[in-house]
Amino acid sequence: MQTRIQIIGLGFLLVFLAIGVRLFYWQIVRGKELSSQAKVQYESGETISAPRGNILASDSTWLVASGEAWLLFAYLPDIDDPPKEIADKLAPFFVVREDEESDSEYREKLLNEVDRLYSLLKKDEVVWVALKRKLLPETKKNIEALSISGIGFEPGERRVYPEASSAAHLLGFVGKNKEGEDTGYFGLEGFYDLSLSGKPGFLKRESDAKGTPILFGGSYEISAVGGTDLKTYIDKSIQLTIEEQLVDGIEKYGAKEGSVVVMNPKNGAILGMASYPSYDPEQYSEYGDEYFKNPVVSSSFEPGSVFKVLVMSAALDADVVEPDTRCEICEGPLRVDKYIIRTWNNEYRPDSTMLDVIVNSDNVGMVYVGQTLGADKLYDYLDNFGIGKLTGVDLQGEATPRLRPKDKWSIVDVSTASFGQGIAVTPIQMIKAVSAIANKGVLVTPQVVDSLQGRGWAEDIKPEFGERVISEETAKVMTSMMVEAAKNGEAKWTHLRGFKVAGKTGTAQIPVAGNYDSEKTIASFIGFAPADDPEFLMLVTLRESESSPWASETAAPLWYSIANELFLYFGIQPEN
Amino acid sequence: MKKSYAVKIKDLEKSKVFGLKITYFIGVILGILVLATVFVTIETSAAGAELAVLEKEEALLSKERVELKSKIVQSTSLSKISEAAKDLDLKKTSKIIYITEEEIVAKLP
């Protein structure tokens, strides 16, 4: 009996010892590892997405919206079907057939896509692989209906462009940076990338097997902060009008490129900005880098005669000439150093007044103005007009050609700059400079965004007025000279009778390897209306028009064609 | 003065009763604590389940909001409205004629 009790006791002892050893093994030896495995089971952590801000037009409708998108992935260990079969099933969802595409072209694209998917699904060294990003919800539904095992979706975000490629240069696009994160490039997306980008949050907490949160357990949350919305001054009606007209104009005049900018000269609000050729920001990867630069803020050109209004304003403001001052050198071609300066039509009007010089766009007359003003004063005025400086427009990618240093202006430089050659500007600089004439002598910074809007808050971006460049009186005189130029200048045939437009044409030759191309020109027209109380200031530029090299026959009629619609839109009535 | 035997028995019974009362009291307290723990556990589990339901509902509403926003974004597209206008054969004014206010002359006979 005693022996039996001892054996049972020993048995119990051994069992307890075995349990102790096992517990020691689970708790101490593998404790950390098992604890972390358990944590994975009951602790869940997820990123809370922060949507990118929207870009809104002036009427608060969307120019760019943040939309739903999905990432399609494959978890390779769970895949049951052969990879080739899956690739065959998925490929048609990712290949879009273009209208002009032939059957063979489409088939080739499809086969390439099948190959791409197959190579991803056959990867040995990974278990998870992304198959396609930015899928539309409808595509997701269709793929889900196929019930392919091992295929899953992760929520993502995409940019939605309700107006398609409209204002592409102005808006920019969202691409991936080196880390694979969404980043804004060019235009507003680039300039306001920090504001538009949201800050994702994180939620970590314990939950049971069914996924129900355990409130007693620990939890940790960082709230997501959504991106800020940008409310712009862009008027969709104006934007679509100028785009449609620009494309028509480019076709009609056989131009290579063209741009139109419409601004309210009283507060610098950019109402519309269009350039052609353009691109589709949703499919940006299909375009070359050269399409992304916004010519309005990034490309410089020799402005030609539109520049004359700045030089004449400077001379009037400096009191070196008056509208009725007579030109003393306008009787014929003028020799400056080794160059001969001629008028655009080789017609000469001795004793032209300054008004005649502007109306007839007389190069020789402008040389007289420039030389009378002198290099130093000309430089100072141009500097004050913002030539050679960034305008400060809220768009990424603004560039500026440099203004020749003050002490480096020769007589030839002064003479050619007086009629807008030998000097380069960007269209936005030209708009800003002329805004001073339209805005009673005070510069105004072009501005695209009106306000930043978050959840429950809004921050107004106030118009930025610069310094006074010319007196109010000079601005008034120059405006009346521009009115005369529009009415009686070389583009008078296209002038809209009854409307008080202050405008000026410009035809500039294109410098090629140190010389000017004899045939290629950049035609432009800048003007504002109504001249006394302008509602809009508009610049139209056309590059290398085939129908005519002259702005009076290309850019000017296009300007008036757009203005005709803007008059109606703004409710501007003819004077008589 | 020595207590009588009867008094001693009475004291003993009193202390027994007191001891029993303490035991009952502790028992009741423990019972309340156990019940409270069970109650709180049930409540938090229920709240957790409710939270899960609300979160699902929130996700659903969020999804619906995204879908509705997408519809509004598309329906406010001016390009699409223009296309629809073209389909309806609506045309832009090709020529605008401004009329002046008629001047009244010789109104009275």
# chains A, B, ... in the order shown; residues from 1 in each chain; ligands from 1
call {"tool": "residues_around", "arguments": {"residues": "A:Asp517", "least_positions_apart": "5", "cutoff": "12 Å", "atoms": "only C-alpha atoms", "output": "PDB file with C-alpha atoms, in the first residue's frame"}}
result
ATOM      1  CA  ALA A 508       8.197  89.219 -82.866  1.00  0.00           C
ATOM      2  CA  GLN A 509      10.756  87.320 -84.846  1.00  0.00           C
ATOM      3  CA  ILE A 510      12.120  84.171 -83.277  1.00  0.00           C
ATOM      4  CA  PRO A 511      15.835  84.189 -82.490  1.00  0.00           C
ATOM      5  CA  VAL A 512      17.589  81.119 -83.900  1.00  0.00           C
ATOM      6  CA  ILE A 522       5.371  84.823 -82.430  1.00  0.00           C
ATOM      7  CA  GLU A 544       4.714  80.201 -85.992  1.00  0.00           C
ATOM      8  CA  PRO A 549       3.229  86.016 -89.736  1.00  0.00           C
TER       9      PRO A 549
END
call {"tool": "closest_atom_pairs", "arguments": {"of": "chain A", "to": "chain B", "cutoff": "7 Å", "atoms": "only C-alpha atoms", "output": "JSON lines"}}
result
{"residue": "A:Thr61", "atom": "CA", "partner": "B:Thr76", "partner_atom": "CA", "distance": 6.5}
{"residue": "A:Trp62", "atom": "CA", "partner": "B:Val73", "partner_atom": "CA", "distance": 6.2}
{"residue": "A:Gly67", "atom": "CA", "partner": "B:Ser70", "partner_atom": "CA", "distance": 6.8}
{"residue": "A:Glu68", "atom": "CA", "partner": "B:Val66", "partner_atom": "CA", "distance": 6.9}
{"residue": "A:Pro162", "atom": "CA", "partner": "B:Ser77", "partner_atom": "CA", "distance": 5.3}
{"residue": "A:Glu163", "atom": "CA", "partner": "B:Ser79", "partner_atom": "CA", "distance": 5.6}
{"residue": "A:Thr212", "atom": "CA", "partner": "B:Ala49", "partner_atom": "CA", "distance": 5.6}
{"residue": "A:Pro213", "atom": "CA", "partner": "B:Gly48", "partner_atom": "CA", "distance": 5.1}
{"residue": "A:Ile214", "atom": "CA", "partner": "B:Gly48", "partner_atom": "CA", "distance": 6.0}
{"residue": "A:Leu215", "atom": "CA", "partner": "B:Gly48", "partner_atom": "CA", "distance": 6.0}
call {"tool": "closest_residue", "arguments": {"among": "A:Asp229, A:Asp362, A:Glu100, A:Asp80", "to": "A:Ser149", "atoms": "only C-alpha atoms"}}
result
A:Asp80
call {"tool": "residues_around", "arguments": {"residues": "A:Leu452", "least_positions_apart": "5", "cutoff": "8 Å", "atoms": "only C-alpha atoms", "output": "PyMOL selection string"}}
result
chain A and resi 228-231+458-461
call {"tool": "select_by_dssp", "arguments": {"residues": "stretch 25-151 of chain A", "states": "alpha helix (DSSP H)", "output": "PyMOL selection string"}}
result
chain A and resi 31-42+83-94+103-121+137-145
call {"tool": "write_last_selection", "arguments": {"atoms": "C-alpha atoms", "output": "tab-separated table (two decimals), in the first residue's frame"}}
result
chain	number	residue	atom	x	y	z
A	31	GLY	CA	7.53	33.62	-24.45
A	32	LYS	CA	8.45	36.67	-26.49
A	33	GLU	CA	7.87	35.01	-29.82
A	34	LEU	CA	4.48	33.59	-28.85
A	35	SER	CA	3.46	36.84	-27.22
A	36	SER	CA	4.10	38.71	-30.46
A	37	GLN	CA	2.24	36.01	-32.41
A	38	ALA	CA	-0.73	36.39	-30.06
A	39	LYS	CA	-0.57	40.16	-30.45
A	40	VAL	CA	-0.92	39.79	-34.19
A	41	GLN	CA	-4.10	37.81	-33.55
A	42	TYR	CA	-5.78	40.18	-31.12
A	83	PRO	CA	-1.09	32.07	-63.57
A	84	LYS	CA	-1.57	32.12	-67.34
A	85	GLU	CA	-5.31	31.64	-66.95
A	86	ILE	CA	-5.52	34.47	-64.39
A	87	ALA	CA	-3.45	36.79	-66.62
A	88	ASP	CA	-5.78	36.01	-69.56
A	89	LYS	CA	-8.82	36.82	-67.45
A	90	LEU	CA	-7.46	40.07	-66.01
A	91	ALA	CA	-5.67	41.63	-68.98
A	92	PRO	CA	-8.81	42.80	-70.88
A	93	PHE	CA	-9.77	44.96	-67.87
A	94	PHE	CA	-6.54	46.93	-68.10
A	103	ASP	CA	-7.59	44.87	-84.25
A	104	SER	CA	-3.95	43.84	-84.55
A	105	GLU	CA	-2.75	46.84	-82.52
A	106	TYR	CA	-5.27	46.12	-79.81
A	107	ARG	CA	-4.34	42.42	-79.76
A	108	GLU	CA	-0.67	43.30	-79.42
A	109	LYS	CA	-1.41	45.58	-76.47
A	110	LEU	CA	-3.49	42.84	-74.89
A	111	LEU	CA	-0.77	40.25	-75.29
A	112	ASN	CA	1.78	42.59	-73.76
A	113	GLU	CA	-0.50	43.07	-70.77
A	114	VAL	CA	-0.98	39.30	-70.42
A	115	ASP	CA	2.81	38.86	-70.46
A	116	ARG	CA	3.22	41.56	-67.80
A	117	LEU	CA	0.65	40.00	-65.50
A	118	TYR	CA	1.97	36.50	-66.07
A	119	SER	CA	5.52	37.52	-65.18
A	120	LEU	CA	4.24	39.11	-61.96
A	121	LEU	CA	2.17	36.08	-61.00
A	137	PRO	CA	-14.77	50.88	-58.65
A	138	GLU	CA	-16.63	49.43	-61.66
A	139	THR	CA	-13.53	47.48	-62.75
A	140	LYS	CA	-13.13	46.22	-59.19
A	141	LYS	CA	-16.72	44.94	-59.20
A	142	ASN	CA	-16.19	43.18	-62.52
A	143	ILE	CA	-12.98	41.51	-61.34
A	144	GLU	CA	-14.59	40.50	-58.05
A	145	ALA	CA	-17.35	38.80	-60.02
call {"tool": "residues_around", "arguments": {"residues": "A:Asn564", "least_positions_apart": "2", "cutoff": "12 Å", "atoms": "only C-alpha atoms", "output": "MDAnalysis selection string"}}
result
(chainID A and resid 238 241:242 245 494:499 501 529 557:562 566:574) or (chainID B and resid 92:97)
call {"tool": "write_last_selection", "arguments": {"atoms": "N, CA and C atoms", "output": "JSON list (two decimals), in the first residue's frame"}}
result
[["chain", "number", "residue", "atom", "x", "y", "z"],
["A", 238, "ILE", "N", -15.27, 80.64, -68.72],
["A", 238, "ILE", "CA", -14.17, 81.34, -69.41],
["A", 238, "ILE", "C", -13.11, 80.33, -69.83],
["A", 241, "THR", "N", -14.27, 78.34, -72.76],
["A", 241, "THR", "CA", -14.36, 79.20, -73.94],
["A", 241, "THR", "C", -12.98, 79.43, -74.54],
["A", 242, "ILE", "N", -12.02, 79.82, -73.69],
["A", 242, "ILE", "CA", -10.69, 80.13, -74.25],
["A", 242, "ILE", "C", -10.02, 78.88, -74.81],
["A", 245, "GLN", "N", -11.70, 78.16, -78.19],
["A", 245, "GLN", "CA", -11.31, 79.18, -79.17],
["A", 245, "GLN", "C", -9.83, 79.04, -79.55],
["A", 494, "THR", "N", -10.40, 94.03, -87.30],
["A", 494, "THR", "CA", -11.02, 93.00, -86.44],
["A", 494, "THR", "C", -11.65, 93.60, -85.19],
["A", 495, "HIS", "N", -11.46, 94.91, -85.02],
["A", 495, "HIS", "CA", -11.95, 95.60, -83.83],
["A", 495, "HIS", "C", -13.48, 95.51, -83.74],
["A", 496, "LEU", "N", -13.97, 95.27, -82.53],
["A", 496, "LEU", "CA", -15.42, 95.19, -82.35],
["A", 496, "LEU", "C", -15.96, 96.59, -82.13],
["A", 497, "ARG", "N", -16.72, 97.03, -83.08],
["A", 497, "ARG", "CA", -17.22, 98.42, -83.01],
["A", 497, "ARG", "C", -18.09, 98.62, -81.78],
["A", 498, "GLY", "N", -17.90, 99.77, -81.15],
["A", 498, "GLY", "CA", -18.73, 100.11, -80.00],
["A", 498, "GLY", "C", -18.11, 99.74, -78.67],
["A", 499, "PHE", "N", -17.18, 98.78, -78.68],
["A", 499, "PHE", "CA", -16.57, 98.36, -77.42],
["A", 499, "PHE", "C", -15.25, 99.10, -77.21],
["A", 501, "VAL", "N", -11.99, 98.95, -76.23],
["A", 501, "VAL", "CA", -10.91, 98.00, -75.95],
["A", 501, "VAL", "C", -9.58, 98.74, -76.00],
["A", 529, "ALA", "N", -10.57, 95.29, -71.38],
["A", 529, "ALA", "CA", -11.85, 95.92, -71.71],
["A", 529, "ALA", "C", -12.81, 95.77, -70.52],
["A", 557, "PRO", "N", -7.44, 88.79, -84.30],
["A", 557, "PRO", "CA", -8.80, 88.28, -84.49],
["A", 557, "PRO", "C", -9.19, 87.21, -83.48],
["A", 558, "LEU", "N", -8.20, 86.42, -83.06],
["A", 558, "LEU", "CA", -8.51, 85.41, -82.04],
["A", 558, "LEU", "C", -8.88, 86.09, -80.72],
["A", 559, "TRP", "N", -8.11, 87.14, -80.39],
["A", 559, "TRP", "CA", -8.39, 87.90, -79.15],
["A", 559, "TRP", "C", -9.82, 88.44, -79.20],
["A", 560, "TYR", "N", -10.18, 89.04, -80.31],
["A", 560, "TYR", "CA", -11.52, 89.65, -80.42],
["A", 560, "TYR", "C", -12.62, 88.60, -80.44],
["A", 561, "SER", "N", -12.29, 87.46, -81.03],
["A", 561, "SER", "CA", -13.28, 86.39, -81.07],
["A", 561, "SER", "C", -13.60, 85.91, -79.65],
["A", 562, "ILE", "N", -12.54, 85.79, -78.83],
["A", 562, "ILE", "CA", -12.76, 85.40, -77.43],
["A", 562, "ILE", "C", -13.46, 86.54, -76.68],
["A", 566, "LEU", "N", -16.66, 87.00, -74.16],
["A", 566, "LEU", "CA", -16.50, 87.51, -72.79],
["A", 566, "LEU", "C", -17.40, 88.73, -72.54],
["A", 567, "PHE", "N", -17.56, 89.57, -73.57],
["A", 567, "PHE", "CA", -18.45, 90.74, -73.41],
["A", 567, "PHE", "C", -19.85, 90.28, -73.03],
["A", 568, "LEU", "N", -20.28, 89.24, -73.73],
["A", 568, "LEU", "CA", -21.62, 88.70, -73.46],
["A", 568, "LEU", "C", -21.67, 88.10, -72.06],
["A", 569, "TYR", "N", -20.63, 87.39, -71.70],
["A", 569, "TYR", "CA", -20.58, 86.71, -70.41],
["A", 569, "TYR", "C", -20.55, 87.71, -69.25],
["A", 570, "PHE", "N", -19.74, 88.77, -69.43],
["A", 570, "PHE", "CA", -19.63, 89.77, -68.36],
["A", 570, "PHE", "C", -20.77, 90.80, -68.42],
["A", 571, "GLY", "N", -21.55, 90.75, -69.48],
["A", 571, "GLY", "CA", -22.64, 91.72, -69.63],
["A", 571, "GLY", "C", -22.12, 93.09, -70.02],
["A", 572, "ILE", "N", -21.01, 93.10, -70.76],
["A", 572, "ILE", "CA", -20.44, 94.39, -71.19],
["A", 572, "ILE", "C", -21.18, 94.83, -72.46],
["A", 573, "GLN", "N", -21.73, 96.03, -72.40],
["A", 573, "GLN", "CA", -22.51, 96.54, -73.53],
["A", 573, "GLN", "C", -21.65, 97.48, -74.38],
["A", 574, "PRO", "N", -21.94, 97.57, -75.68],
["A", 574, "PRO", "CA", -21.22, 98.56, -76.49],
["A", 574, "PRO", "C", -21.56, 99.97, -76.03],
["B", 92, "LYS", "N", -24.60, 78.11, -79.82],
["B", 92, "LYS", "CA", -24.13, 79.40, -79.31],
["B", 92, "LYS", "C", -24.60, 80.49, -80.25],
["B", 93, "THR", "N", -24.78, 81.68, -79.70],
["B", 93, "THR", "CA", -25.18, 82.80, -80.54],
["B", 93, "THR", "C", -24.05, 83.11, -81.51],
["B", 94, "SER", "N", -24.36, 83.10, -82.78],
["B", 94, "SER", "CA", -23.30, 83.38, -83.74],
["B", 94, "SER", "C", -23.15, 84.88, -83.98],
["B", 95, "LYS", "N", -24.22, 85.61, -83.84],
["B", 95, "LYS", "CA", -24.14, 87.06, -84.03],
["B", 95, "LYS", "C", -25.01, 87.75, -82.98],
["B", 96, "ILE", "N", -24.41, 88.74, -82.37],
["B", 96, "ILE", "CA", -25.17, 89.46, -81.35],
["B", 96, "ILE", "C", -25.55, 90.84, -81.89],
["B", 97, "ILE", "N", -26.81, 91.14, -81.81],
["B", 97, "ILE", "CA", -27.26, 92.46, -82.25],
["B", 97, "ILE", "C", -27.71, 93.23, -81.03]]
call {"tool": "residues_around", "arguments": {"residues": "stretch 294-301 of chain A", "least_positions_apart": "6", "cutoff": "10 Å", "atoms": "only C-alpha atoms", "output": "PDB file with N, CA and C atoms, in the first residue's frame"}}
result
ATOM      1  N   ALA A 168      -5.128  71.705 -68.016  1.00  0.00           N
ATOM      2  CA  ALA A 168      -4.127  70.734 -67.566  1.00  0.00           C
ATOM      3  C   ALA A 168      -2.843  71.421 -67.087  1.00  0.00           C
ATOM      4  N   HIS A 169      -2.356  72.402 -67.853  1.00  0.00           N
ATOM      5  CA  HIS A 169      -1.111  73.075 -67.474  1.00  0.00           C
ATOM      6  C   HIS A 169      -1.255  73.826 -66.167  1.00  0.00           C
ATOM      7  N   LEU A 170      -2.419  74.359 -65.964  1.00  0.00           N
ATOM      8  CA  LEU A 170      -2.669  75.146 -64.761  1.00  0.00           C
ATOM      9  C   LEU A 170      -2.793  74.230 -63.538  1.00  0.00           C
ATOM     10  N   LEU A 171      -3.421  73.086 -63.724  1.00  0.00           N
ATOM     11  CA  LEU A 171      -3.676  72.189 -62.600  1.00  0.00           C
ATOM     12  C   LEU A 171      -2.461  71.345 -62.239  1.00  0.00           C
ATOM     13  N   GLY A 172      -1.681  70.923 -63.226  1.00  0.00           N
ATOM     14  CA  GLY A 172      -0.598  69.980 -62.970  1.00  0.00           C
ATOM     15  C   GLY A 172      -1.178  68.588 -62.803  1.00  0.00           C
ATOM     16  N   PHE A 186       3.955  70.229 -61.033  1.00  0.00           N
ATOM     17  CA  PHE A 186       3.562  71.340 -61.911  1.00  0.00           C
ATOM     18  C   PHE A 186       2.246  72.001 -61.442  1.00  0.00           C
ATOM     19  N   GLY A 187       2.047  73.191 -61.958  1.00  0.00           N
ATOM     20  CA  GLY A 187       0.804  73.916 -61.710  1.00  0.00           C
ATOM     21  C   GLY A 187       0.413  73.996 -60.246  1.00  0.00           C
ATOM     22  N   GLU A 257       1.901  76.429 -81.689  1.00  0.00           N
ATOM     23  CA  GLU A 257       1.528  76.467 -80.274  1.00  0.00           C
ATOM     24  C   GLU A 257       0.745  77.735 -80.029  1.00  0.00           C
ATOM     25  N   GLY A 258       0.114  77.784 -78.907  1.00  0.00           N
ATOM     26  CA  GLY A 258      -0.606  79.007 -78.541  1.00  0.00           C
ATOM     27  C   GLY A 258      -0.985  79.022 -77.079  1.00  0.00           C
ATOM     28  N   SER A 259      -1.189  80.225 -76.570  1.00  0.00           N
ATOM     29  CA  SER A 259      -1.600  80.382 -75.172  1.00  0.00           C
ATOM     30  C   SER A 259      -2.586  81.524 -75.046  1.00  0.00           C
ATOM     31  N   VAL A 260      -3.462  81.399 -74.081  1.00  0.00           N
ATOM     32  CA  VAL A 260      -4.392  82.495 -73.761  1.00  0.00           C
ATOM     33  C   VAL A 260      -4.442  82.613 -72.237  1.00  0.00           C
ATOM     34  N   VAL A 261      -4.334  83.830 -71.741  1.00  0.00           N
ATOM     35  CA  VAL A 261      -4.477  84.078 -70.300  1.00  0.00           C
ATOM     36  C   VAL A 261      -5.505  85.177 -70.121  1.00  0.00           C
ATOM     37  N   MET A 273      -6.732  80.140 -68.092  1.00  0.00           N
ATOM     38  CA  MET A 273      -5.368  80.035 -68.636  1.00  0.00           C
ATOM     39  C   MET A 273      -5.318  78.759 -69.485  1.00  0.00           C
ATOM     40  N   ALA A 274      -5.010  78.919 -70.736  1.00  0.00           N
ATOM     41  CA  ALA A 274      -4.988  77.740 -71.612  1.00  0.00           C
ATOM     42  C   ALA A 274      -3.774  77.767 -72.516  1.00  0.00           C
ATOM     43  N   SER A 275      -3.231  76.605 -72.748  1.00  0.00           N
ATOM     44  CA  SER A 275      -2.109  76.466 -73.683  1.00  0.00           C
ATOM     45  C   SER A 275      -2.320  75.224 -74.517  1.00  0.00           C
ATOM     46  N   TYR A 276      -1.823  75.269 -75.720  1.00  0.00           N
ATOM     47  CA  TYR A 276      -1.935  74.138 -76.622  1.00  0.00           C
ATOM     48  C   TYR A 276      -0.622  73.996 -77.380  1.00  0.00           C
ATOM     49  N   PRO A 277      -0.079  72.797 -77.546  1.00  0.00           N
ATOM     50  CA  PRO A 277      -0.610  71.482 -77.207  1.00  0.00           C
ATOM     51  C   PRO A 277      -0.654  71.249 -75.696  1.00  0.00           C
ATOM     52  N   SER A 278      -1.612  70.430 -75.331  1.00  0.00           N
ATOM     53  CA  SER A 278      -1.789  70.146 -73.920  1.00  0.00           C
ATOM     54  C   SER A 278      -1.695  68.634 -73.670  1.00  0.00           C
ATOM     55  N   LEU A 390      10.433  87.028 -61.159  1.00  0.00           N
ATOM     56  CA  LEU A 390       9.291  86.121 -61.067  1.00  0.00           C
ATOM     57  C   LEU A 390       8.062  86.941 -60.661  1.00  0.00           C
ATOM     58  N   THR A 391       6.930  86.595 -61.218  1.00  0.00           N
ATOM     59  CA  THR A 391       5.725  87.376 -60.898  1.00  0.00           C
ATOM     60  C   THR A 391       5.155  87.001 -59.536  1.00  0.00           C
ATOM     61  N   VAL A 393       3.253  84.287 -59.213  1.00  0.00           N
ATOM     62  CA  VAL A 393       2.004  83.550 -59.442  1.00  0.00           C
ATOM     63  C   VAL A 393       2.098  82.192 -58.727  1.00  0.00           C
ATOM     64  N   LEU A 395       1.836  79.129 -59.142  1.00  0.00           N
ATOM     65  CA  LEU A 395       1.911  77.941 -60.002  1.00  0.00           C
ATOM     66  C   LEU A 395       3.352  77.443 -59.998  1.00  0.00           C
ATOM     67  N   GLN A 396       3.513  76.121 -59.896  1.00  0.00           N
ATOM     68  CA  GLN A 396       4.874  75.579 -59.889  1.00  0.00           C
ATOM     69  C   GLN A 396       5.477  75.644 -61.289  1.00  0.00           C
ATOM     70  N   GLY A 397       6.737  75.934 -61.328  1.00  0.00           N
ATOM     71  CA  GLY A 397       7.442  75.908 -62.605  1.00  0.00           C
ATOM     72  C   GLY A 397       7.624  77.268 -63.233  1.00  0.00           C
ATOM     73  N   GLU A 398       7.369  78.340 -62.463  1.00  0.00           N
ATOM     74  CA  GLU A 398       7.560  79.661 -63.066  1.00  0.00           C
ATOM     75  C   GLU A 398       9.055  79.927 -63.270  1.00  0.00           C
ATOM     76  N   ALA A 399       9.369  80.437 -64.426  1.00  0.00           N
ATOM     77  CA  ALA A 399      10.765  80.772 -64.738  1.00  0.00           C
ATOM     78  C   ALA A 399      10.806  82.196 -65.256  1.00  0.00           C
ATOM     79  N   THR A 400      11.986  82.784 -65.222  1.00  0.00           N
ATOM     80  CA  THR A 400      12.100  84.134 -65.773  1.00  0.00           C
ATOM     81  C   THR A 400      13.414  84.306 -66.516  1.00  0.00           C
ATOM     82  N   PRO A 401      13.337  84.884 -67.699  1.00  0.00           N
ATOM     83  CA  PRO A 401      14.607  85.245 -68.347  1.00  0.00           C
ATOM     84  C   PRO A 401      15.189  86.445 -67.601  1.00  0.00           C
ATOM     85  N   GLY A 420      10.568  95.882 -78.327  1.00  0.00           N
ATOM     86  CA  GLY A 420      10.306  94.524 -77.858  1.00  0.00           C
ATOM     87  C   GLY A 420      11.132  93.428 -78.459  1.00  0.00           C
ATOM     88  N   GLN A 421      12.285  93.780 -79.032  1.00  0.00           N
ATOM     89  CA  GLN A 421      13.196  92.729 -79.520  1.00  0.00           C
ATOM     90  C   GLN A 421      14.473  92.780 -78.681  1.00  0.00           C
ATOM     91  N   GLY A 422      15.170  91.653 -78.622  1.00  0.00           N
ATOM     92  CA  GLY A 422      16.405  91.602 -77.829  1.00  0.00           C
ATOM     93  C   GLY A 422      16.129  91.555 -76.339  1.00  0.00           C
ATOM     94  N   ILE A 423      14.903  91.325 -75.991  1.00  0.00           N
ATOM     95  CA  ILE A 423      14.519  91.223 -74.580  1.00  0.00           C
ATOM     96  C   ILE A 423      13.476  90.102 -74.498  1.00  0.00           C
ATOM     97  N   ALA A 424      13.527  89.338 -73.432  1.00  0.00           N
ATOM     98  CA  ALA A 424      12.583  88.210 -73.339  1.00  0.00           C
ATOM     99  C   ALA A 424      11.719  88.318 -72.092  1.00  0.00           C
ATOM    100  N   VAL A 425      10.508  87.894 -72.254  1.00  0.00           N
ATOM    101  CA  VAL A 425       9.560  87.873 -71.128  1.00  0.00           C
ATOM    102  C   VAL A 425       8.754  86.575 -71.198  1.00  0.00           C
ATOM    103  N   THR A 426       8.095  86.269 -70.102  1.00  0.00           N
ATOM    104  CA  THR A 426       7.124  85.163 -70.129  1.00  0.00           C
ATOM    105  C   THR A 426       5.745  85.810 -70.297  1.00  0.00           C
ATOM    106  N   PRO A 427       4.775  85.077 -70.829  1.00  0.00           N
ATOM    107  CA  PRO A 427       3.436  85.663 -70.972  1.00  0.00           C
ATOM    108  C   PRO A 427       2.873  86.201 -69.652  1.00  0.00           C
ATOM    109  N   ILE A 428       3.153  85.506 -68.558  1.00  0.00           N
ATOM    110  CA  ILE A 428       2.600  85.951 -67.269  1.00  0.00           C
ATOM    111  C   ILE A 428       3.257  87.270 -66.823  1.00  0.00           C
ATOM    112  N   GLN A 429       4.542  87.451 -67.176  1.00  0.00           N
ATOM    113  CA  GLN A 429       5.209  88.723 -66.853  1.00  0.00           C
ATOM    114  C   GLN A 429       4.572  89.858 -67.640  1.00  0.00           C
ATOM    115  N   MET A 430       4.258  89.558 -68.889  1.00  0.00           N
ATOM    116  CA  MET A 430       3.654  90.572 -69.759  1.00  0.00           C
ATOM    117  C   MET A 430       2.274  90.974 -69.220  1.00  0.00           C
ATOM    118  N   ILE A 431       1.514  89.973 -68.804  1.00  0.00           N
ATOM    119  CA  ILE A 431       0.181  90.227 -68.240  1.00  0.00           C
ATOM    120  C   ILE A 431       0.306  91.083 -66.977  1.00  0.00           C
ATOM    121  N   ALA A 508       6.757  89.272 -83.153  1.00  0.00           N
ATOM    122  CA  ALA A 508       8.197  89.219 -82.866  1.00  0.00           C
ATOM    123  C   ALA A 508       8.837  88.089 -83.632  1.00  0.00           C
ATOM    124  N   GLN A 509      10.013  88.375 -84.155  1.00  0.00           N
ATOM    125  CA  GLN A 509      10.756  87.320 -84.846  1.00  0.00           C
ATOM    126  C   GLN A 509      11.362  86.390 -83.803  1.00  0.00           C
ATOM    127  N   ILE A 510      11.593  85.159 -84.223  1.00  0.00           N
ATOM    128  CA  ILE A 510      12.120  84.171 -83.277  1.00  0.00           C
ATOM    129  C   ILE A 510      13.630  84.067 -83.448  1.00  0.00           C
ATOM    130  N   PRO A 511      14.380  84.310 -82.369  1.00  0.00           N
ATOM    131  CA  PRO A 511      15.835  84.189 -82.490  1.00  0.00           C
ATOM    132  C   PRO A 511      16.259  82.729 -82.646  1.00  0.00           C
ATOM    133  N   ILE A 522       6.324  85.057 -83.525  1.00  0.00           N
ATOM    134  CA  ILE A 522       5.371  84.823 -82.430  1.00  0.00           C
ATOM    135  C   ILE A 522       4.428  86.023 -82.462  1.00  0.00           C
ATOM    136  N   LEU A 539      -4.230  88.115 -72.791  1.00  0.00           N
ATOM    137  CA  LEU A 539      -3.079  88.001 -73.694  1.00  0.00           C
ATOM    138  C   LEU A 539      -3.254  86.735 -74.528  1.00  0.00           C
ATOM    139  N   THR A 541      -1.209  84.528 -77.465  1.00  0.00           N
ATOM    140  CA  THR A 541       0.038  84.360 -78.236  1.00  0.00           C
ATOM    141  C   THR A 541      -0.093  83.135 -79.140  1.00  0.00           C
ATOM    142  N   ARG A 543       2.327  80.862 -81.901  1.00  0.00           N
ATOM    143  CA  ARG A 543       3.697  80.653 -82.375  1.00  0.00           C
ATOM    144  C   ARG A 543       3.699  80.054 -83.774  1.00  0.00           C
TER     145      ARG A 543
END
call {"tool": "closest_residue", "arguments": {"among": "A:Leu23, A:Ile48, A:Glu328, A:Phe419", "to": "B:Ala59", "atoms": "only C-alpha atoms"}}
result
A:Ile48
call {"tool": "residues_around", "arguments": {"residues": "A:Leu316", "least_positions_apart": "2", "cutoff": "10 Å", "atoms": "only C-alpha atoms", "output": "VMD selection string"}}
result
chain A and resid 310 to 314 318 to 323 354 369 373 470 to 471 473 to 475 477 to 478
